Amino acid sequence: MAKVFIYPTTSLILSDLVARFGHTPLSAALQIREHIQSPGLESPPLQITPEDPKRGLKWAAVEVPSGVRGRMSLYGPMIDQAEAAIIIHDADFSFGCMGCARTNELIQFLLRKSGIPVLDLRYPRTEEEGIEFVAAIKKFLEELGGGGA
Amino acid sequence: MTEYHPKYTNTVTKYVFVESPEMTPGDLAIRTYEISQGVMIKETCFGLQITGNEDDVNAIIDHLRKFDPAHIFVKDRGFPPGDSRRCRANLGGARPGYFGHEFEISISRFISKGLEELPKRPIGSVPKPPVPAGSDKLDAKKIQKIIESVET
């Protein structure tokens with residue numbers, strides 16, 4: 001069972017397919033859950049505290065805005081754990097502020113730099129593309145080995 | 001700053017979406033109540049949110065998937081249902097994350113079709129997935145070759 005980083009990190013389709021084919025999807029929800037289930041000082045809405053931008057220094061330089069470093073404290077540990085990644089490139093809903101945009105670029109850069117297998121896709125627009133989309137993800141995950149389905 | 005005492009510690013919350021011609025979110029909820037001992041269930045317009053011990057939640061989801069495997073989709077959620085930091089009852093407007101779900105559910109029929117057709121594909125066939133269009137910008141490796149050819 002491999003740990004597979006999914007991008008967009010909130011993707012329902014990728015999260016479901018990776019789990020369905022027997023691997024562990026690394027999605028944003030896991031890190032958010034860890035943050036909001038850890039006791040400490042109240043810092044709504046996501047329990048991102050001043051400590052998080054400091055942790056983010058592991059993945060982003062000190063001159064990078066704290067918004068990017070704070071986000072990287074969520075995604076960075078998952079990038080380190082990831083054994084493979086699936087990236088969907090035309091996810092318009094992952095559009096956000098400059099912090100989101102730069103974090104999205106940095107995530108993709110770090111994934112490629114880490115040398116793990118990466119599958120690049122775009123969302124299917126027809127049934128035929130849907131069939132190929134699912135088959136490609138299944139084949140990619142099978143090649144990682146250790147899947148349960 | 002005030003101290004933060006988290007609720008529902010050591011639990012997981014999962015979304016269960018159903019987009020099926022044969023099963024409604026109401027049907028899904030009834031099937032879940034039949035076997036849901038000790039977990040919290042929140043019915044929604046698209047399916048359910050299930051909160052509880054990880055093993056219990058996974059066992060329920062494995063059971064639910066059997067009813068309509070190609071049309072039931074599951075993902076993790078960070079917050080428990082009704083959390084005032086996320087619930088639209090407190091915030092107003094759409095819940096953060098709603099637009100992503102709305103978009104992906106709109107194309108889930110293509111994924112369902114893919115899941116249904118998967119067993120029919122010949123063994124060893126090479127998939128041709130939709131890939132992103134290449135960038136019009138000059139490739140970095142190409143420009144490096146040009147620089148080296150000019151320098152030598």
# chains A, B, ... in the order shown; residues from 1 in each chain; ligands from 1
>>> interface_residues(of="chain A", to="chain B", cutoff="6 Å", atoms="only C-alpha atoms", output="ChimeraX atom specification")
/A:12,15-16,29,32-33,37,39-42,45,93,121-122,127,130-136
>>> write_last_selection(atoms="N, CA and C atoms", output="PDB file, in the first residue's frame")
ATOM      1  N   LEU A  12     -12.167  14.971  -4.513  1.00  0.00           N
ATOM      2  CA  LEU A  12     -13.008  13.816  -4.175  1.00  0.00           C
ATOM      3  C   LEU A  12     -12.695  12.643  -5.098  1.00  0.00           C
ATOM      4  N   SER A  15      -9.159  11.148  -4.406  1.00  0.00           N
ATOM      5  CA  SER A  15      -9.143  10.523  -3.081  1.00  0.00           C
ATOM      6  C   SER A  15      -9.873   9.178  -3.135  1.00  0.00           C
ATOM      7  N   ASP A  16     -11.024   9.176  -3.803  1.00  0.00           N
ATOM      8  CA  ASP A  16     -11.817   7.944  -3.894  1.00  0.00           C
ATOM      9  C   ASP A  16     -11.102   6.876  -4.719  1.00  0.00           C
ATOM     10  N   ALA A  29      -7.276  16.985   3.992  1.00  0.00           N
ATOM     11  CA  ALA A  29      -8.118  16.706   5.161  1.00  0.00           C
ATOM     12  C   ALA A  29      -7.339  16.044   6.300  1.00  0.00           C
ATOM     13  N   ILE A  32      -5.437  18.776   8.133  1.00  0.00           N
ATOM     14  CA  ILE A  32      -6.395  19.663   8.819  1.00  0.00           C
ATOM     15  C   ILE A  32      -6.931  18.951  10.065  1.00  0.00           C
ATOM     16  N   ARG A  33      -7.239  17.670   9.902  1.00  0.00           N
ATOM     17  CA  ARG A  33      -7.766  16.887  11.029  1.00  0.00           C
ATOM     18  C   ARG A  33      -6.754  16.852  12.168  1.00  0.00           C
ATOM     19  N   GLN A  37      -7.509  18.504  15.816  1.00  0.00           N
ATOM     20  CA  GLN A  37      -7.681  17.547  16.932  1.00  0.00           C
ATOM     21  C   GLN A  37      -6.530  17.626  17.932  1.00  0.00           C
ATOM     22  N   PRO A  39      -4.734  19.646  20.959  1.00  0.00           N
ATOM     23  CA  PRO A  39      -4.985  20.727  21.909  1.00  0.00           C
ATOM     24  C   PRO A  39      -3.881  21.776  21.854  1.00  0.00           C
ATOM     25  N   GLY A  40      -4.212  22.985  22.247  1.00  0.00           N
ATOM     26  CA  GLY A  40      -3.214  24.066  22.236  1.00  0.00           C
ATOM     27  C   GLY A  40      -3.915  25.383  22.461  1.00  0.00           C
ATOM     28  N   LEU A  41      -3.497  26.407  21.713  1.00  0.00           N
ATOM     29  CA  LEU A  41      -4.161  27.703  21.810  1.00  0.00           C
ATOM     30  C   LEU A  41      -5.163  27.839  20.671  1.00  0.00           C
ATOM     31  N   GLU A  42      -6.270  28.521  20.986  1.00  0.00           N
ATOM     32  CA  GLU A  42      -7.321  28.627  19.974  1.00  0.00           C
ATOM     33  C   GLU A  42      -6.876  29.540  18.842  1.00  0.00           C
ATOM     34  N   PRO A  45      -9.684  29.694  11.738  1.00  0.00           N
ATOM     35  CA  PRO A  45     -10.551  28.524  11.628  1.00  0.00           C
ATOM     36  C   PRO A  45      -9.785  27.203  11.520  1.00  0.00           C
ATOM     37  N   PHE A  93     -11.102  25.051  -9.476  1.00  0.00           N
ATOM     38  CA  PHE A  93     -11.555  25.354  -8.118  1.00  0.00           C
ATOM     39  C   PHE A  93     -10.414  25.479  -7.121  1.00  0.00           C
ATOM     40  N   LEU A 121      -2.544  14.515 -15.407  1.00  0.00           N
ATOM     41  CA  LEU A 121      -3.836  14.325 -16.079  1.00  0.00           C
ATOM     42  C   LEU A 121      -4.578  15.649 -16.155  1.00  0.00           C
ATOM     43  N   ARG A 122      -5.660  15.652 -16.911  1.00  0.00           N
ATOM     44  CA  ARG A 122      -6.663  16.701 -16.778  1.00  0.00           C
ATOM     45  C   ARG A 122      -8.017  16.015 -16.590  1.00  0.00           C
ATOM     46  N   GLU A 127     -17.460  10.645 -21.782  1.00  0.00           N
ATOM     47  CA  GLU A 127     -17.448   9.298 -21.199  1.00  0.00           C
ATOM     48  C   GLU A 127     -16.197   8.532 -21.619  1.00  0.00           C
ATOM     49  N   GLY A 130     -13.429   9.595 -19.619  1.00  0.00           N
ATOM     50  CA  GLY A 130     -13.606   9.069 -18.262  1.00  0.00           C
ATOM     51  C   GLY A 130     -13.092   7.642 -18.143  1.00  0.00           C
ATOM     52  N   ILE A 131     -13.372   6.834 -19.176  1.00  0.00           N
ATOM     53  CA  ILE A 131     -12.922   5.432 -19.175  1.00  0.00           C
ATOM     54  C   ILE A 131     -11.393   5.376 -19.173  1.00  0.00           C
ATOM     55  N   GLU A 132     -10.779   6.200 -20.022  1.00  0.00           N
ATOM     56  CA  GLU A 132      -9.309   6.212 -20.102  1.00  0.00           C
ATOM     57  C   GLU A 132      -8.693   6.795 -18.827  1.00  0.00           C
ATOM     58  N   PHE A 133      -9.356   7.786 -18.255  1.00  0.00           N
ATOM     59  CA  PHE A 133      -8.889   8.438 -17.023  1.00  0.00           C
ATOM     60  C   PHE A 133      -8.801   7.414 -15.884  1.00  0.00           C
ATOM     61  N   VAL A 134      -9.877   6.662 -15.708  1.00  0.00           N
ATOM     62  CA  VAL A 134      -9.911   5.659 -14.626  1.00  0.00           C
ATOM     63  C   VAL A 134      -8.884   4.551 -14.906  1.00  0.00           C
ATOM     64  N   ALA A 135      -8.812   4.122 -16.171  1.00  0.00           N
ATOM     65  CA  ALA A 135      -7.868   3.043 -16.513  1.00  0.00           C
ATOM     66  C   ALA A 135      -6.421   3.490 -16.280  1.00  0.00           C
ATOM     67  N   ALA A 136      -6.128   4.749 -16.610  1.00  0.00           N
ATOM     68  CA  ALA A 136      -4.752   5.252 -16.424  1.00  0.00           C
ATOM     69  C   ALA A 136      -4.380   5.291 -14.949  1.00  0.00           C
TER      70      ALA A 136
END
>>> select_by_dssp(residues="segment 51-110 of chain A", states="strand (DSSP E)", output="list of chain:residue names")
A:Ala84, A:Ala85, A:Ile86, A:Ile87, A:Ile88
>>> select_by_dssp(residues="segment 21-147 of chain B", states="alpha helix (DSSP H)", output="number ranges by chain")
B: 25-35, 54-65, 88-91, 98-106, 108-117, 140-147
>>> atom_distance(atom1="atom CA of Glu129 of chain A", atom2="atom CA of Ala70 of chain B")
16.1 Å
>>> residues_around(residues="segment 37-40 of chain B", least_positions_apart="6", cutoff="7 Å", atoms="only C-alpha atoms", output="list in words")
Ile50, Thr51 and Gly52 of chain B
>>> residues_around(residues="Thr24 of chain A", least_positions_apart="4", cutoff="7 Å", atoms="only C-alpha atoms", output="PyMOL selection string")
chain A and resi 1-4+18-19
